[in-house]
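J.: Right, I'll just put the structure down here and ask away after.
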Amino acid sequence: MLKQIQQYLSVYQSFVSTSFAESMNFRLHFVLLIVMDLFFYGSAFFTIEIIYNQVTVIGTWNKHQVMFFLAFMLSINQLVMTMTSEAYWRFPELLKSGELDFILLKPVNSLFLTFFRYIRPGSAFNIFFTFPALIYFGVKVDLTPLAWGLLPFFLLFAFLLQSAIDLLIATSMFWMLEGTGMNFLRMEFQQMSRWPDFIYPGLFRNLFSFGVPILLIGSGPIRFLFNPNDFIPFVAMLGACFLLWVLVALFWKKGLRAYESASS
Amino acid sequence: MIHAQGVFKEFRLYKKEAGFKGSLKAFFSRQFEIKRAIAPLDLEIQRGEIIGLLGPNGAGKTTLMKMLTGIIVPSGGRLSVLGCEPAQRLKYFRQRIALVMGQKSQLWWDLPAMDSFLLIQKYYEIPPKAFKDRVEELSDLLRVSAYLNVHVRKLSLGERMKVELMASLLHEPEVLFLDEPTIGLDLLSQKNIRDFLFQYHQKRNPTLILTSHYMADIEALAQRVVLIIEGHKRFDGSINKFENLLGHNKTLNFTFAQQIKEFNFFSPYSPRWNAGGKAVEITVPEGELRQVASHILAQYPVTDFSTQKTPIERVLETLLNSPELLKET
């Protein structure tokens, strides 16, 4: 088991280095991606700023609480953009061109190889924006020492849930082959999850918390960090995370059986 | 080593009429048909054999290779490669096979080949010393040392194919599948690849399964030929047996000083005249060779002639045009 973890870490290290080398070939594109991500993050904070110029609270949260929530979600977004986002766009091409063939031949988990191989080093640089913002607003909302200790684990769980949802959507491309629609759906879900769950009406909130659990990604852990008695969404998030990863493994296996490869 | 029993593969194909109306109709009501790419097929391959898979385009050769490598799952039958069921894609199995596809690349396009090799080293957990030795050995054999640090997209097709081969051999596979490895290459590059594969096989003795439309590849490498036509295995035997499928014939080529107008004599021997009627190729039963050659040399203004056994291309061409000459195996 330890040997296998070492192997996967070593492979991932090579992904980072090859992706970095590949990205650096195209300097302007590399810089542009960093600037565009920063523009996106800045505009997200600016939107909240504008809203709180008109109101003092949204639901029960003040401006700093919503800003902390947003910084948490943008940190998740930044991890997704860095680690997996590129692969979701490339996956339909791998299926249609038959390039997935070579991935299936390698003695490494094919899900890992397909979705964690294309890293966007440009997005990684924005960690210097999202994580400081998370810490800054964490201080502003007076997080308890326990909450600070839990925060890195909650980021990990949120990333895992976000990835499970994205992967489940991506797996459907085995049957659909065309991925643009599914990628837009994935992005719409991400967009929805960047707002606290309480802004959505009851039926809608329940559907997107317990049906398609996108609202649990941020609201589950953040509500718990603000008020440990409000633990149900967080427990639901852990459950959803486990269940969805089981489904991902199942559908990936089914997808591979349905894969027909392209003619040569 | 490889054991297939009644293995077959069916694909579901989506049919659509041409044009906007056809697209609209297909959007609401899809028409599918089942195409059998490989009919139930039996195959036994021993360790160290070199097998040439022959057949026209769309015959099912690549589909068979993809089933043998575990890329696609057979619709039925039993398949075992290295004691494993390929579709299960066990790590043990994947560590021991490799596939080279002439029309697809496993290398990172925007990086030098060496970067891809380093990644492959990690995939297959090749120890650093062994990796270094193999890179040196293979790059010497293939004469590609100078290209290893050049971006793959900048390499010529021949150079790229050599580094593709290297990438597939770094983990020293026990079974190597080669799907048209020389496609699109010039004659010299084709020969280089063939020579390398021959030497590599002599040295390491892997099992090689090769498809190619260039019969020179098959003749140079394969000991045994499997012919597939429309998904059916139509021949499985030694290359000598394949060459003699049309009988023990010889091919005679004659060049004449002037255009031949009287050619009735040639008719029984399947003549192939060149456009000017000044050269002909005929197929003659071995027993009649002396008599036919003497007659032509005596009666016609021959300036040059040569004899050879029927080329494998000709055998294949004849069989593809008249598959009824073969019984299904």
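In the structure tokens, chains take letters A, B, ... by order of appearance, with residues numbered from 1 within each chain and ligands from 1 in the order shown.
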Can you pull out the residues contacting region 269-271 of chain B? Cut-off 8 Å, using only C-alpha atoms, and skip same-chain residues under 3 positions away; I want them as a list in words.

T.: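 Everything that qualifies: Phe266, Val280, Glu281, Ile282, Thr283 and Val284 of chain B.
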
J.: Please dump the current selection as an mmCIF file, in the first residue's frame; keep C-alpha atoms.

T.:
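For reference, out_19.cif as written:
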data_model
loop_
_atom_site.group_PDB
_atom_site.id
_atom_site.type_symbol
_atom_site.label_atom_id
_atom_site.label_comp_id
_atom_site.auth_asym_id
_atom_site.auth_seq_id
_atom_site.Cartn_x
_atom_site.Cartn_y
_atom_site.Cartn_z
ATOM 1 C CA PHE B 266 0.558 -16.023 -72.597
ATOM 2 C CA VAL B 280 4.730 -8.965 -69.047
ATOM 3 C CA GLU B 281 4.462 -10.827 -65.784
ATOM 4 C CA ILE B 282 3.065 -14.354 -65.881
ATOM 5 C CA THR B 283 2.366 -17.029 -63.283
ATOM 6 C CA VAL B 284 3.544 -20.498 -64.253
#

J.: Mind checking which residues fall within 10 Å of Pro40 (chain B), counting only C-alpha atoms, ignoring those fewer than 2 positions away in the same chain, and posting them as a list in words?

T.: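 Non-adjacent residues within range: Ala4, Gln5, Gly6, Val7, Phe8, Lys9, Arg36, Ala37, Ile38, Asp42, Ser75, Gly76, Gly77, Arg78, Gly231, His232 and Lys233 of chain B.
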
J.: Could you list, with a cut-off of 8 Å and counting only C-alpha atoms, the residues of chain A near chain B, each shown with its nearest atom pair and the distance in Å rounded to one decimal, rows sorted by chain and ascending number, as a Markdown table?

T.:
| residue | atom | partner | partner_atom | distance |
| --- | --- | --- | --- | --- |
| A:Gln7 | CA | B:Lys122 | CA | 7.0 |
| A:Ser10 | CA | B:Lys122 | CA | 6.7 |
| A:Val11 | CA | B:Lys122 | CA | 5.5 |
| A:Ser14 | CA | B:Leu119 | CA | 6.0 |
| A:Phe15 | CA | B:Leu119 | CA | 7.6 |
| A:Thr18 | CA | B:Asp115 | CA | 6.8 |
| A:Ala21 | CA | B:Leu111 | CA | 7.4 |
| A:Glu22 | CA | B:Asp110 | CA | 6.0 |
| A:Asn25 | CA | B:Asp110 | CA | 7.9 |
| A:Glu99 | CA | B:Lys104 | CA | 7.3 |
| A:Asp101 | CA | B:Ile71 | CA | 5.9 |
| A:Phe102 | CA | B:Gln106 | CA | 6.1 |
| A:Leu104 | CA | B:Ile71 | CA | 6.3 |
| A:Leu105 | CA | B:Arg94 | CA | 5.8 |
| A:Lys106 | CA | B:Arg94 | CA | 6.1 |
| A:Pro107 | CA | B:Lys91 | CA | 5.0 |
| A:Val108 | CA | B:Tyr123 | CA | 6.3 |
| A:Leu256 | CA | B:Ile72 | CA | 7.8 |
| A:Arg257 | CA | B:Val73 | CA | 6.0 |
| A:Ala258 | CA | B:Val73 | CA | 7.9 |
| A:Tyr259 | CA | B:Ile72 | CA | 6.4 |
| A:Glu260 | CA | B:Ile72 | CA | 5.9 |
| A:Ser261 | CA | B:Ile72 | CA | 7.0 |
| A:Ser263 | CA | B:Thr62 | CA | 7.9 |
| A:Ser264 | CA | B:Gln103 | CA | 6.5 |

J.: For CA of Asn77 (chain A) and CA of Val31 (chain A), determine how far apart the two atoms are, in Å to one decimal place.

T.: 18.5 Å

J.: List as a PyMOL selection string the protein and nucleic acid residues near Ile165 (chain A), meaning an atom at most 12 Å away when only C-alpha atoms are counted, but skip any in the same chain fewer than 5 places from it.

T.: chain A and resi 80+88+158-160+170-172+182-183+185-187+189-190+193+208+211-217+237+240-248

J.: Those residues with N, CA and C atoms, as an mmCIF file, in the first residue's frame please?

T.:
data_model
loop_
_atom_site.group_PDB
_atom_site.id
_atom_site.type_symbol
_atom_site.label_atom_id
_atom_site.label_comp_id
_atom_site.auth_asym_id
_atom_site.auth_seq_id
_atom_site.Cartn_x
_atom_site.Cartn_y
_atom_site.Cartn_z
ATOM 1 N N VAL A 80 -9.527 22.938 -8.233
ATOM 2 C CA VAL A 80 -10.122 22.228 -9.377
ATOM 3 C C VAL A 80 -9.490 22.725 -10.677
ATOM 4 N N TYR A 88 -11.282 17.606 -17.901
ATOM 5 C CA TYR A 88 -12.699 17.450 -18.266
ATOM 6 C C TYR A 88 -12.950 17.916 -19.698
ATOM 7 N N ALA A 158 -14.204 19.109 0.727
ATOM 8 C CA ALA A 158 -14.983 19.872 -0.259
ATOM 9 C C ALA A 158 -14.440 19.620 -1.666
ATOM 10 N N PHE A 159 -13.117 19.570 -1.769
ATOM 11 C CA PHE A 159 -12.502 19.294 -3.074
ATOM 12 C C PHE A 159 -12.891 17.890 -3.558
ATOM 13 N N LEU A 160 -12.892 16.941 -2.624
ATOM 14 C CA LEU A 160 -13.242 15.564 -2.992
ATOM 15 C C LEU A 160 -14.690 15.466 -3.461
ATOM 16 N N ALA A 170 -18.623 13.776 -15.888
ATOM 17 C CA ALA A 170 -17.696 13.471 -16.988
ATOM 18 C C ALA A 170 -17.853 12.032 -17.474
ATOM 19 N N THR A 171 -18.128 11.115 -16.555
ATOM 20 C CA THR A 171 -18.243 9.695 -16.927
ATOM 21 C C THR A 171 -19.367 9.474 -17.947
ATOM 22 N N SER A 172 -20.386 10.345 -17.882
ATOM 23 C CA SER A 172 -21.502 10.179 -18.826
ATOM 24 C C SER A 172 -21.036 10.361 -20.268
ATOM 25 N N MET A 182 -22.086 18.751 -21.223
ATOM 26 C CA MET A 182 -21.837 18.248 -19.868
ATOM 27 C C MET A 182 -20.854 19.146 -19.127
ATOM 28 N N ASN A 183 -19.896 19.701 -19.858
ATOM 29 C CA ASN A 183 -18.952 20.609 -19.199
ATOM 30 C C ASN A 183 -19.637 21.907 -18.797
ATOM 31 N N LEU A 185 -22.770 22.087 -17.941
ATOM 32 C CA LEU A 185 -23.577 21.698 -16.777
ATOM 33 C C LEU A 185 -22.700 21.706 -15.514
ATOM 34 N N ARG A 186 -21.512 21.141 -15.645
ATOM 35 C CA ARG A 186 -20.558 21.093 -14.528
ATOM 36 C C ARG A 186 -20.234 22.509 -14.051
ATOM 37 N N MET A 187 -20.033 23.421 -14.990
ATOM 38 C CA MET A 187 -19.696 24.796 -14.624
ATOM 39 C C MET A 187 -20.885 25.518 -13.991
ATOM 40 N N PHE A 189 -23.203 24.095 -12.218
ATOM 41 C CA PHE A 189 -23.283 23.571 -10.841
ATOM 42 C C PHE A 189 -22.261 24.271 -9.947
ATOM 43 N N GLN A 190 -21.058 24.454 -10.480
ATOM 44 C CA GLN A 190 -20.016 25.128 -9.691
ATOM 45 C C GLN A 190 -20.450 26.552 -9.364
ATOM 46 N N SER A 193 -22.954 26.542 -6.613
ATOM 47 C CA SER A 193 -22.417 26.184 -5.289
ATOM 48 C C SER A 193 -21.621 27.321 -4.661
ATOM 49 N N PHE A 208 -30.787 20.399 -4.391
ATOM 50 C CA PHE A 208 -29.358 20.553 -4.669
ATOM 51 C C PHE A 208 -28.475 20.370 -3.432
ATOM 52 N N GLY A 211 -30.222 15.798 -3.397
ATOM 53 C CA GLY A 211 -30.349 15.102 -4.686
ATOM 54 C C GLY A 211 -29.007 15.165 -5.410
ATOM 55 N N VAL A 212 -28.694 16.331 -5.908
ATOM 56 C CA VAL A 212 -27.374 16.596 -6.489
ATOM 57 C C VAL A 212 -26.666 17.508 -5.475
ATOM 58 N N PRO A 213 -25.756 16.960 -4.672
ATOM 59 C CA PRO A 213 -25.338 17.697 -3.469
ATOM 60 C C PRO A 213 -24.324 18.824 -3.702
ATOM 61 N N ILE A 214 -24.590 19.661 -4.667
ATOM 62 C CA ILE A 214 -23.614 20.722 -4.958
ATOM 63 C C ILE A 214 -23.588 21.804 -3.876
ATOM 64 N N LEU A 215 -24.744 22.024 -3.225
ATOM 65 C CA LEU A 215 -24.772 23.095 -2.215
ATOM 66 C C LEU A 215 -24.051 22.679 -0.933
ATOM 67 N N LEU A 216 -23.832 21.365 -0.788
ATOM 68 C CA LEU A 216 -23.139 20.894 0.425
ATOM 69 C C LEU A 216 -21.631 21.160 0.369
ATOM 70 N N ILE A 217 -21.105 21.377 -0.843
ATOM 71 C CA ILE A 217 -19.648 21.533 -0.993
ATOM 72 C C ILE A 217 -19.125 22.654 -0.093
ATOM 73 N N MET A 237 -22.646 16.050 3.861
ATOM 74 C CA MET A 237 -21.566 16.242 2.881
ATOM 75 C C MET A 237 -20.600 15.051 2.890
ATOM 76 N N ALA A 240 -22.366 12.136 1.298
ATOM 77 C CA ALA A 240 -22.469 12.316 -0.164
ATOM 78 C C ALA A 240 -21.117 12.056 -0.824
ATOM 79 N N CYS A 241 -20.075 12.507 -0.151
ATOM 80 C CA CYS A 241 -18.717 12.347 -0.691
ATOM 81 C C CYS A 241 -18.400 10.846 -0.863
ATOM 82 N N PHE A 242 -18.677 10.079 0.181
ATOM 83 C CA PHE A 242 -18.406 8.640 0.143
ATOM 84 C C PHE A 242 -19.247 7.967 -0.948
ATOM 85 N N LEU A 243 -20.554 8.265 -0.924
ATOM 86 C CA LEU A 243 -21.473 7.631 -1.872
ATOM 87 C C LEU A 243 -21.096 7.960 -3.324
ATOM 88 N N LEU A 244 -20.785 9.228 -3.576
ATOM 89 C CA LEU A 244 -20.496 9.625 -4.953
ATOM 90 C C LEU A 244 -19.190 9.008 -5.465
ATOM 91 N N TRP A 245 -18.203 8.852 -4.596
ATOM 92 C CA TRP A 245 -16.959 8.209 -5.052
ATOM 93 C C TRP A 245 -17.182 6.730 -5.368
ATOM 94 N N VAL A 246 -18.088 6.095 -4.611
ATOM 95 C CA VAL A 246 -18.443 4.700 -4.937
ATOM 96 C C VAL A 246 -19.110 4.674 -6.319
ATOM 97 N N LEU A 247 -20.012 5.657 -6.548
ATOM 98 C CA LEU A 247 -20.701 5.714 -7.846
ATOM 99 C C LEU A 247 -19.725 6.016 -8.987
ATOM 100 N N VAL A 248 -18.761 6.890 -8.707
ATOM 101 C CA VAL A 248 -17.758 7.209 -9.736
ATOM 102 C C VAL A 248 -17.012 5.933 -10.151
#

J.: Take CA of Leu74 (chain A) and CA of Tyr8 (chain A) and report the distance between them in Å, one decimal.

T.: 26.7 Å

J.: Counting only C-alpha atoms, which residue out of A:Phe137, A:Phe26, A:Trp175, A:Phe116 sits closest to Lys96 (chain A)?

T.: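 Between A:Phe137, A:Phe26, A:Trp175, A:Phe116, the residue approaching Lys96 (chain A) most closely is A:Trp175.
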
J.: Name the residues in contact with Glu49 (chain B) at a cut-off of 8 Å, using only C-alpha atoms, excluding same-chain residues fewer than 5 positions from it; report them as number ranges by chain.

T.: B: 206-208, 223-224

J.: Keeping only C-alpha atoms, take the residues you just selected and write them out as a tab-separated table (two decimals), in the first residue's frame.

T.:
chain	number	residue	atom	x	y	z
B	206	PRO	CA	9.08	-11.16	-27.08
B	207	THR	CA	5.90	-12.31	-28.78
B	208	LEU	CA	5.16	-9.94	-31.68
B	223	GLN	CA	6.85	-16.68	-39.13
B	224	ARG	CA	3.13	-17.20	-39.21

J.: So how many Å separate CA of Glu286 (chain B) and CA of Asn249 (chain B), to one decimal?

T.: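 Straight-line distance from CA of Glu286 (chain B) to CA of Asn249 (chain B) works out to 5.1 Å.
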
J.: Return the single residue from A:Ala44, A:Ile5, A:Ile119, A:Met176 that is closest to Ala71 (chain A), with distances computed using only C-alpha atoms.

T.: A:Ala44

J.: Per DSSP on the backbone, filter region 75-296 of chain B down to the residues in helix (DSSP H, G or I) and report them as a PyMOL selection string.

T.: chain B and resi 86-88+91-94+113-123+128-142+145-147+152-154+157-169+187-204+215-221+239-243+264-269+286-296

J.: When DSSP is applied to the backbone of this structure, which of region 106-270 of chain B are assigned strand (DSSP E or B)? Write them out as a VMD selection string.

T.: chain B and resid 112 151 175 to 179 207 to 211 224 to 229 232 to 238 249 to 256

J.: Convert the current residue selection to file output with N, CA and C atoms, as a short mmCIF file (atom, residue, chain, number, x, y, z; two decimals), in the first residue's frame.

T.:
data_model
loop_
_atom_site.label_atom_id
_atom_site.label_comp_id
_atom_site.auth_asym_id
_atom_site.auth_seq_id
_atom_site.Cartn_x
_atom_site.Cartn_y
_atom_site.Cartn_z
N PRO B 112 9.77 17.18 -25.40
CA PRO B 112 10.73 16.23 -25.98
C PRO B 112 10.40 14.80 -25.54
N HIS B 151 11.46 18.49 -29.31
CA HIS B 151 10.00 18.37 -29.14
C HIS B 151 9.42 17.38 -30.16
N VAL B 175 4.78 -9.21 -24.58
CA VAL B 175 4.00 -9.26 -25.82
C VAL B 175 3.95 -7.84 -26.39
N LEU B 176 4.34 -7.73 -27.64
CA LEU B 176 4.33 -6.41 -28.29
C LEU B 176 3.36 -6.45 -29.46
N PHE B 177 2.36 -5.58 -29.42
CA PHE B 177 1.38 -5.48 -30.49
C PHE B 177 1.77 -4.28 -31.37
N LEU B 178 1.89 -4.53 -32.66
CA LEU B 178 2.31 -3.46 -33.58
C LEU B 178 1.23 -3.28 -34.64
N ASP B 179 0.52 -2.16 -34.58
CA ASP B 179 -0.55 -1.93 -35.54
C ASP B 179 -0.06 -0.95 -36.60
N THR B 207 6.89 -11.91 -27.79
CA THR B 207 5.90 -12.31 -28.78
C THR B 207 5.50 -11.05 -29.55
N LEU B 208 5.52 -11.12 -30.88
CA LEU B 208 5.16 -9.94 -31.68
C LEU B 208 3.92 -10.24 -32.49
N ILE B 209 2.95 -9.36 -32.39
CA ILE B 209 1.75 -9.48 -33.23
C ILE B 209 1.72 -8.22 -34.09
N LEU B 210 1.77 -8.41 -35.37
CA LEU B 210 2.01 -7.29 -36.28
C LEU B 210 0.92 -7.19 -37.34
N THR B 211 0.39 -5.99 -37.53
CA THR B 211 -0.46 -5.78 -38.71
C THR B 211 0.25 -4.79 -39.60
N ARG B 224 4.47 -16.64 -39.03
CA ARG B 224 3.13 -17.20 -39.21
C ARG B 224 2.18 -16.08 -39.59
N VAL B 225 1.19 -16.42 -40.40
CA VAL B 225 0.27 -15.40 -40.90
C VAL B 225 -1.16 -15.78 -40.53
N VAL B 226 -1.92 -14.78 -40.08
CA VAL B 226 -3.35 -15.00 -39.85
C VAL B 226 -4.08 -14.02 -40.76
N LEU B 227 -4.91 -14.55 -41.64
CA LEU B 227 -5.63 -13.69 -42.58
C LEU B 227 -7.07 -13.51 -42.10
N ILE B 228 -7.49 -12.27 -41.99
CA ILE B 228 -8.86 -11.97 -41.56
C ILE B 228 -9.55 -11.21 -42.68
N ILE B 229 -10.71 -11.71 -43.07
CA ILE B 229 -11.50 -11.02 -44.09
C ILE B 229 -12.92 -10.86 -43.54
N HIS B 232 -13.81 -12.58 -40.35
CA HIS B 232 -13.65 -14.04 -40.27
C HIS B 232 -12.20 -14.42 -40.47
N LYS B 233 -11.73 -15.36 -39.68
CA LYS B 233 -10.36 -15.85 -39.89
C LYS B 233 -10.39 -16.81 -41.07
N ARG B 234 -9.62 -16.49 -42.12
CA ARG B 234 -9.68 -17.29 -43.33
C ARG B 234 -8.42 -18.10 -43.55
N PHE B 235 -7.37 -17.77 -42.84
CA PHE B 235 -6.14 -18.57 -42.96
C PHE B 235 -5.33 -18.39 -41.69
N ASP B 236 -4.71 -19.46 -41.25
CA ASP B 236 -3.82 -19.39 -40.08
C ASP B 236 -2.74 -20.45 -40.30
N GLY B 237 -1.55 -20.00 -40.61
CA GLY B 237 -0.48 -20.98 -40.86
C GLY B 237 0.84 -20.29 -41.15
N SER B 238 1.82 -21.10 -41.51
CA SER B 238 3.16 -20.54 -41.73
C SER B 238 3.15 -19.67 -42.97
N ASN B 249 3.56 -22.08 -57.67
CA ASN B 249 3.75 -21.32 -58.91
C ASN B 249 4.99 -20.45 -58.84
N LYS B 250 5.46 -20.11 -60.03
CA LYS B 250 6.57 -19.17 -60.13
C LYS B 250 6.08 -17.96 -60.92
N THR B 251 6.64 -16.82 -60.61
CA THR B 251 6.31 -15.63 -61.37
C THR B 251 7.48 -15.32 -62.31
N LEU B 252 7.15 -15.16 -63.60
CA LEU B 252 8.19 -14.84 -64.59
C LEU B 252 7.94 -13.44 -65.14
N ASN B 253 8.99 -12.67 -65.22
CA ASN B 253 8.88 -11.32 -65.78
C ASN B 253 9.73 -11.25 -67.05
N PHE B 254 9.14 -10.78 -68.15
CA PHE B 254 9.89 -10.63 -69.41
C PHE B 254 9.79 -9.20 -69.90
N THR B 255 10.91 -8.71 -70.44
CA THR B 255 10.89 -7.41 -71.11
C THR B 255 11.29 -7.68 -72.56
N PHE B 256 10.56 -7.02 -73.47
CA PHE B 256 10.79 -7.29 -74.89
C PHE B 256 11.35 -6.06 -75.60
#

J.: Just the residues within 9 Å of region 14-22 of chain B, please, counting only C-alpha atoms, with nothing from its chain fewer than 2 positions along; format it as a list in words.

T.: Arg12, Leu24, Lys25, Ala26, Phe27, Arg30, Gln31, Phe32, Glu33 and Ile34 of chain B

J.: Store the residues of this selection in a file with N, CA and C atoms, as an mmCIF file, in the first residue's frame.

T.:
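Output (out.cif):
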data_model
loop_
_atom_site.group_PDB
_atom_site.id
_atom_site.type_symbol
_atom_site.label_atom_id
_atom_site.label_comp_id
_atom_site.auth_asym_id
_atom_site.auth_seq_id
_atom_site.Cartn_x
_atom_site.Cartn_y
_atom_site.Cartn_z
ATOM 1 N N ARG B 12 -22.510 -1.384 -32.124
ATOM 2 C CA ARG B 12 -23.807 -0.823 -32.494
ATOM 3 C C ARG B 12 -23.536 0.448 -33.289
ATOM 4 N N LEU B 24 -32.634 15.778 -38.791
ATOM 5 C CA LEU B 24 -33.819 16.052 -37.969
ATOM 6 C C LEU B 24 -34.536 14.742 -37.616
ATOM 7 N N LYS B 25 -34.646 13.883 -38.627
ATOM 8 C CA LYS B 25 -35.318 12.597 -38.435
ATOM 9 C C LYS B 25 -34.543 11.757 -37.402
ATOM 10 N N ALA B 26 -33.217 11.767 -37.557
ATOM 11 C CA ALA B 26 -32.384 10.945 -36.667
ATOM 12 C C ALA B 26 -32.377 11.487 -35.239
ATOM 13 N N PHE B 27 -32.636 12.803 -35.104
ATOM 14 C CA PHE B 27 -32.649 13.395 -33.763
ATOM 15 C C PHE B 27 -33.793 12.801 -32.938
ATOM 16 N N ARG B 30 -33.746 7.361 -33.764
ATOM 17 C CA ARG B 30 -32.439 6.836 -34.163
ATOM 18 C C ARG B 30 -32.542 5.433 -34.738
ATOM 19 N N GLN B 31 -31.795 5.224 -35.799
ATOM 20 C CA GLN B 31 -31.740 3.885 -36.382
ATOM 21 C C GLN B 31 -30.359 3.292 -36.066
ATOM 22 N N PHE B 32 -30.374 2.158 -35.440
ATOM 23 C CA PHE B 32 -29.101 1.506 -35.133
ATOM 24 C C PHE B 32 -29.032 0.170 -35.859
ATOM 25 N N GLU B 33 -27.823 -0.234 -36.138
ATOM 26 C CA GLU B 33 -27.669 -1.602 -36.633
ATOM 27 C C GLU B 33 -26.453 -2.228 -35.940
ATOM 28 N N ILE B 34 -26.504 -3.530 -35.802
ATOM 29 C CA ILE B 34 -25.402 -4.233 -35.147
ATOM 30 C C ILE B 34 -24.429 -4.708 -36.224
#
